[in-house]
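Here's target.cif, which has mmCIF, C-alpha atoms:
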```cif
data_structure
loop_
_atom_site.label_atom_id
_atom_site.label_comp_id
_atom_site.auth_asym_id
_atom_site.auth_seq_id
_atom_site.Cartn_x
_atom_site.Cartn_y
_atom_site.Cartn_z
CA MET L 29 -26.19 -25.59 -91.51
CA LYS L 30 -29.47 -26.35 -89.76
CA GLY L 31 -27.65 -27.05 -86.50
CA ARG L 32 -27.65 -24.79 -83.47
CA ALA L 33 -25.49 -21.68 -83.78
CA TYR L 34 -23.00 -21.00 -81.01
CA VAL L 35 -21.73 -17.55 -80.13
CA PRO L 36 -17.90 -17.47 -80.29
CA ALA L 37 -16.26 -17.24 -76.87
CA ARG L 38 -14.89 -13.80 -76.06
CA LYS L 39 -11.12 -13.72 -75.87
CA ASN L 40 -11.22 -11.19 -73.04
CA LEU L 41 -13.85 -13.02 -70.99
CA ASN L 42 -11.39 -13.68 -68.16
CA GLU L 43 -10.48 -10.00 -68.06
CA ASP L 44 -14.14 -9.19 -67.44
CA PHE L 45 -14.14 -11.57 -64.47
CA PRO L 46 -10.79 -11.44 -62.59
CA LEU L 47 -12.07 -13.71 -59.80
CA ARG L 48 -13.08 -16.46 -62.23
CA GLY L 49 -11.44 -19.71 -61.09
CA SER L 50 -10.18 -18.17 -57.83
CA ILE L 51 -13.47 -18.30 -55.92
CA ALA L 52 -15.14 -21.56 -54.92
CA CYS L 53 -18.80 -22.23 -54.33
CA GLU L 54 -19.69 -23.68 -50.94
CA CYS L 55 -19.87 -27.08 -52.68
CA GLY L 56 -16.15 -26.75 -53.45
CA ASN L 57 -16.53 -26.24 -57.20
CA SER L 58 -14.82 -23.20 -58.74
CA LEU L 59 -17.22 -20.48 -59.81
CA THR L 60 -17.26 -19.66 -63.49
CA ALA L 61 -18.64 -16.49 -65.01
CA GLY L 62 -20.27 -15.00 -68.07
CA TRP L 63 -22.63 -12.42 -69.47
CA THR L 64 -26.42 -12.75 -69.47
CA LYS L 65 -28.42 -10.94 -72.12
CA GLY L 66 -31.31 -8.86 -70.85
CA ARG L 67 -33.91 -6.97 -72.81
CA ASN L 68 -31.72 -3.94 -73.49
CA LYS L 69 -28.28 -4.78 -72.11
CA ARG L 70 -26.01 -7.55 -70.93
CA TYR L 71 -25.33 -8.35 -67.27
CA PRO L 72 -22.21 -9.91 -65.70
CA TYR L 73 -22.64 -12.85 -63.33
CA TYR L 74 -20.68 -15.55 -61.54
CA TYR L 75 -22.29 -18.97 -61.06
CA CYS L 76 -21.63 -22.61 -60.11
CA GLN L 77 -21.68 -25.31 -62.80
CA ASN L 78 -21.71 -28.28 -60.43
CA LYS L 79 -24.98 -30.09 -61.19
CA ALA L 80 -24.84 -31.81 -57.81
CA CYS L 81 -24.81 -28.45 -56.03
CA GLY L 82 -28.01 -26.96 -54.66
CA HIS L 83 -27.00 -23.63 -56.17
CA TYR L 84 -26.29 -25.02 -59.64
CA GLY L 85 -26.82 -22.36 -62.29
CA LYS L 86 -27.95 -19.72 -59.79
CA SER L 87 -26.30 -16.44 -60.69
CA ILE L 88 -24.35 -14.13 -58.41
CA LYS L 89 -24.01 -10.51 -59.47
CA ARG L 90 -20.45 -9.59 -60.32
CA ASP L 91 -20.69 -6.36 -58.35
CA LYS L 92 -21.73 -8.29 -55.24
CA LEU L 93 -19.04 -10.95 -55.40
CA GLU L 94 -16.24 -8.57 -56.34
CA GLY L 95 -17.52 -5.88 -53.97
CA GLU L 96 -17.27 -8.24 -50.99
CA PHE L 97 -13.83 -9.33 -52.19
CA GLU L 98 -12.69 -5.70 -52.26
CA ALA L 99 -14.00 -5.24 -48.73
CA LEU L 100 -11.92 -8.25 -47.70
CA LEU L 101 -8.83 -6.76 -49.33
CA LYS L 102 -9.33 -3.46 -47.54
CA ARG L 103 -9.19 -5.33 -44.24
CA LEU L 104 -5.80 -6.75 -45.18
CA THR L 105 -4.11 -3.56 -44.02
CA PRO L 106 -1.69 -4.14 -41.12
CA LYS L 107 -1.55 -1.64 -38.29
CA ALA L 108 1.07 1.06 -38.69
CA GLU L 109 3.31 -0.36 -35.95
CA LEU L 110 3.53 -3.67 -37.82
CA ILE L 111 5.07 -2.13 -40.93
CA SER L 112 8.45 -2.02 -39.16
CA ILE L 113 8.20 -5.80 -38.81
CA VAL L 114 7.88 -6.03 -42.57
CA GLY L 115 11.13 -4.10 -42.92
CA LYS L 116 12.95 -6.48 -40.58
CA MET L 117 11.51 -9.50 -42.37
CA PHE L 118 12.55 -8.09 -45.72
CA ASP L 119 16.10 -7.39 -44.49
CA LYS L 120 16.47 -10.93 -43.17
CA VAL L 121 15.22 -12.45 -46.40
CA TRP L 122 17.44 -10.18 -48.50
CA VAL L 123 20.56 -11.01 -46.47
CA HIS L 124 19.74 -14.72 -46.55
CA ARG L 125 19.28 -14.66 -50.32
CA ALA L 126 22.52 -12.73 -50.76
CA GLN L 127 24.40 -15.32 -48.70
CA SER L 128 22.78 -18.13 -50.65
CA GLN L 129 23.81 -16.50 -53.91
CA GLN L 130 27.40 -16.19 -52.72
CA GLU L 131 27.46 -19.84 -51.72
CA ARG L 132 25.97 -20.78 -55.08
CA GLN L 133 28.58 -18.66 -56.84
CA ALA L 134 31.36 -20.49 -54.97
CA VAL L 135 29.93 -23.87 -55.97
CA LEU L 136 29.70 -22.83 -59.61
CA ALA L 137 33.29 -21.54 -59.55
CA SER L 138 34.45 -24.88 -58.16
CA GLU L 139 32.57 -26.77 -60.90
CA LYS L 140 34.08 -24.50 -63.53
CA ALA L 141 37.57 -25.19 -62.18
CA GLN L 142 36.92 -28.93 -62.43
CA ILE L 143 35.87 -28.50 -66.06
CA GLU L 144 39.08 -26.60 -66.81
CA ARG L 145 41.15 -29.38 -65.23
CA LYS L 146 39.38 -31.98 -67.37
CA ILE L 147 40.05 -29.91 -70.50
CA ASN L 148 43.77 -29.70 -69.66
CA GLN L 149 43.89 -33.45 -69.04
CA LEU L 150 42.26 -34.14 -72.41
CA LEU L 151 44.68 -31.78 -74.16
CA ASP L 152 47.55 -33.81 -72.72
CA ARG L 153 45.91 -37.02 -73.93
CA ILE L 154 45.55 -35.63 -77.46
CA ILE L 155 49.30 -35.11 -77.59
CA GLU L 156 49.83 -38.70 -76.47
CA ALA L 157 47.11 -40.16 -78.70
CA GLU L 158 48.42 -42.89 -81.00
CA THR L 159 45.63 -42.72 -83.62
CA PRO L 160 43.63 -39.88 -85.24
CA THR L 161 40.38 -41.54 -84.16
CA VAL L 162 41.28 -41.31 -80.49
CA ALA L 163 42.45 -37.72 -80.93
CA ARG L 164 39.16 -36.75 -82.58
CA ALA L 165 37.24 -38.33 -79.70
CA TYR L 166 39.23 -36.23 -77.23
CA GLU L 167 38.65 -33.10 -79.32
CA LYS L 168 34.90 -33.73 -79.36
CA LYS L 169 34.88 -34.09 -75.58
CA ILE L 170 36.92 -30.91 -75.18
CA LYS L 171 34.42 -29.02 -77.35
CA GLU L 172 31.55 -30.20 -75.15
CA LEU L 173 33.43 -29.15 -72.01
CA GLU L 174 34.26 -25.75 -73.51
CA GLU L 175 30.56 -25.16 -74.20
CA LEU L 176 29.73 -26.20 -70.65
CA LYS L 177 32.45 -23.88 -69.36
CA ILE L 178 30.83 -20.94 -71.17
CA ILE L 179 27.48 -21.76 -69.59
CA MET L 180 29.08 -21.97 -66.15
CA SER L 181 30.79 -18.61 -66.69
CA GLU L 182 27.46 -16.99 -67.56
CA LYS L 183 25.84 -18.48 -64.47
CA ILE L 184 28.65 -17.20 -62.27
CA GLU L 185 28.37 -13.75 -63.81
CA ASN L 186 24.62 -13.58 -63.31
CA CYS L 187 24.67 -15.15 -59.87
CA GLY L 188 24.50 -12.62 -57.05
CA HIS L 189 23.05 -9.85 -59.20
CA PRO L 190 19.42 -9.20 -58.17
CA VAL L 191 16.96 -8.21 -60.86
CA ARG L 192 16.03 -5.15 -58.80
CA ASP L 193 17.98 -3.04 -56.32
CA ARG L 194 17.25 -3.47 -52.65
CA ALA L 195 15.56 -0.09 -52.20
CA GLY L 196 13.29 -0.56 -55.21
CA ALA L 197 12.31 -4.09 -54.23
CA TYR L 198 11.63 -3.02 -50.64
CA ARG L 199 9.51 -0.08 -51.74
CA THR L 200 7.38 -2.26 -54.01
CA THR L 201 6.95 -4.93 -51.33
CA LEU L 202 6.08 -2.39 -48.65
CA GLU L 203 3.50 -0.64 -50.80
CA PHE L 204 1.73 -3.93 -51.47
CA ILE L 205 1.81 -5.06 -47.83
CA LYS L 206 0.49 -1.69 -46.66
CA LYS L 207 -2.50 -1.66 -48.96
CA PRO L 208 -3.03 -4.60 -51.33
CA PHE L 209 -6.32 -3.02 -52.37
CA ASN L 210 -4.41 -0.19 -54.07
CA LEU L 211 -2.92 -2.64 -56.57
CA TRP L 212 -6.33 -4.19 -57.18
CA LYS L 213 -8.04 -0.87 -57.86
CA LEU L 214 -5.56 0.02 -60.61
CA GLY L 215 -7.96 -1.91 -62.81
CA ARG L 216 -5.54 -3.93 -64.93
CA PHE L 217 -6.35 -7.63 -65.19
CA GLU L 218 -2.70 -8.59 -64.56
CA ASP L 219 -2.61 -6.51 -61.36
CA LYS L 220 -5.80 -8.04 -60.04
CA ARG L 221 -4.60 -11.59 -60.69
CA ALA L 222 -1.30 -10.72 -59.00
CA VAL L 223 -3.15 -9.52 -55.89
CA ILE L 224 -5.06 -12.80 -55.63
CA LYS L 225 -1.86 -14.86 -55.91
CA LEU L 226 0.17 -12.69 -53.53
CA ALA L 227 -2.45 -12.26 -50.80
CA PHE L 228 -3.99 -15.75 -50.65
CA THR L 229 -2.59 -19.27 -50.82
CA ASP L 230 -5.80 -20.97 -51.93
CA ARG L 231 -9.18 -20.27 -53.48
CA LEU L 232 -11.60 -18.31 -51.36
CA THR L 233 -15.00 -19.84 -50.69
CA TRP L 234 -18.14 -17.75 -51.06
CA VAL L 235 -21.36 -18.81 -49.30
CA ARG L 236 -24.77 -17.37 -50.15
CA ASN L 237 -26.25 -15.10 -47.49
CA GLU L 238 -22.96 -15.27 -45.60
CA GLY L 239 -20.19 -14.06 -47.87
CA TYR L 240 -16.60 -15.23 -47.87
CA ARG L 241 -15.40 -17.88 -45.49
CA THR L 242 -12.10 -17.64 -43.63
CA ALA L 243 -9.34 -16.80 -46.07
CA HIS L 244 -6.04 -18.68 -46.28
CA LEU L 245 -3.55 -15.83 -46.22
CA SER L 246 -0.12 -15.85 -47.84
CA LEU L 247 2.93 -15.99 -45.57
CA PRO L 248 3.51 -12.21 -45.13
CA PHE L 249 -0.09 -11.50 -44.10
CA LYS L 250 -0.29 -14.70 -42.09
CA HIS L 251 2.84 -13.75 -40.16
CA LEU L 252 1.63 -10.20 -39.58
CA SER L 253 -1.76 -11.39 -38.39
CA ALA L 254 -0.03 -13.68 -35.89
CA GLU L 255 2.23 -10.88 -34.68
CA SER L 256 -0.77 -8.61 -34.18
CA GLY L 257 -2.92 -11.11 -32.32
CA LEU L 258 -4.99 -11.79 -35.43
CA LEU L 259 -6.00 -8.13 -35.66
CA PHE L 260 -5.73 -5.89 -38.66
CA SER L 261 -6.32 -2.17 -39.11
CA ASP L 262 -10.08 -2.40 -38.60
CA GLY L 263 -9.61 -4.25 -35.34
CA GLY L 264 -11.46 -7.28 -36.64
CA PRO L 265 -10.20 -10.86 -36.78
CA CYS L 266 -8.68 -12.27 -39.89
CA ARG L 267 -8.14 -15.96 -39.18
CA THR L 268 -5.62 -17.97 -41.18
#
```
As structure tokens - that is how I would like this structure written.
Amino acid sequence: MKGRAYVPARKNLNEDFPLRGSIACECGNSLTAGWTKGRNKRYPYYYCQNKACGHYGKSIKRDKLEGEFEALLKRLTPKAELISIVGKMFDKVWVHRAQSQQERQAVLASEKAQIERKINQLLDRIIEAETPTVARAYEKKIKELEELKIIMSEKIENCGHPVRDRAGAYRTTLEFIKKPFNLWKLGRFEDKRAVIKLAFTDRLTWVRNEGYRTAHLSLPFKHLSAESGLLFSDGGPCRT
């Protein structure tokens, strides 16, 4: 009872700091975050917990870190003429996935047919079985194959049926590619985390007095930046 009292961790702490764990200090350690109590109010900060780092424990205002991140997102807006490329890329991927699903469906149908043949063979063996023990063994195997057949039928039925229609999926993809910042500014924690995962392939590194280092873009933005000569809507470079 005389020990030091600890304040319980807030369950929604991560929601207060959407970039927590996704931004690295220049030392390579992921930045953590928390609230600092002032005289009359609490203040949100990000900071590095690596004791070997020269910036250990030095706070970074949330508004500064997230503000610079939002500026980076705003730059991830392809030029208007590149949007047509997105459509062509989407069509190719959609057609490829449809073909793959058809091939998968054919493979599953073949496997199901093999199961049915095995069941018929076992039924014939039951008739020819000389002892009840052997017959029961065949019946057990048939039951297992019947259950497997049901699973295969469900897979075949579900195979080739996309979760979303082509138009809806394309519209959602296009809206994100056009302006990823729009999804971020919706304000929901889930949306912000989705933006980070969809736009970048690795943690971003933030350096004091410099800002963010070169970002590792996800495949769509990386491809578009290459097609546009590494130029985005603001005319500035966005190296990958």
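Among L:Lys140, L:Lys92, L:Arg103, L:Lys250, the residue with the shortest atom-to-atom distance to Leu226 of chain L, counting all atoms listed in the file, is L:Lys250.
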Using all atoms listed in the file, find the one residue out of L:Ala222, L:Arg125, L:Trp234, L:Gln142 that sits nearest to Tyr75 of chain L. L:Trp234
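Here atom CA of Leu104 of chain L is placed at a distance of 26.7 Å from atom CA of Val123 of chain L.
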Between L:Phe249, L:Gly85, L:Glu43, L:Ser50, single out the one closest to Lys207 of chain L, counting all atoms listed in the file. L:Phe249
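What separates atom CA of Thr242 of chain L from atom CA of Ile205 of chain L is a distance of 19.2 Å.
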Could you expand the PyMOL selection byres ((chain L and resi 167) around 12) into the explicit residues it covers here, written as a list in words? Ile147, Asn148, Gln149, Leu150, Leu151, Asp152, Arg153, Ile154, Ile155, Ala157, Pro160, Thr161, Val162, Ala163, Arg164, Ala165, Tyr166, Lys168, Lys169, Ile170, Lys171, Glu172, Leu173 and Glu174 of chain L
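Proximity ranking of L:Gly56, L:Gly239, L:Gly62, L:Pro46 relative to Phe217 of chain L places L:Pro46 first, based on only C-alpha atoms.
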Lys225 of chain L proximity check over L:Leu47, L:Leu59, L:Ala99, L:Cys187, using all atoms listed in the file: winner is L:Leu47
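For the set L:Lys86, L:Glu94, L:Ala141, L:Cys53, the residue with the smallest atom-to-atom gap to Arg241 of chain L is L:Cys53, counting all atoms listed in the file.
Rounded to one decimal, atom CA of Phe45 of chain L and atom CA of Ala61 of chain L lie 6.7 Å from each other.
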Starting from the displayed file, determine the output of the PyMOL selection byres ((chain L and resi 244) around 6) and express the residue list as a PyMOL selection string. chain L and resi 228-229+243+245+268
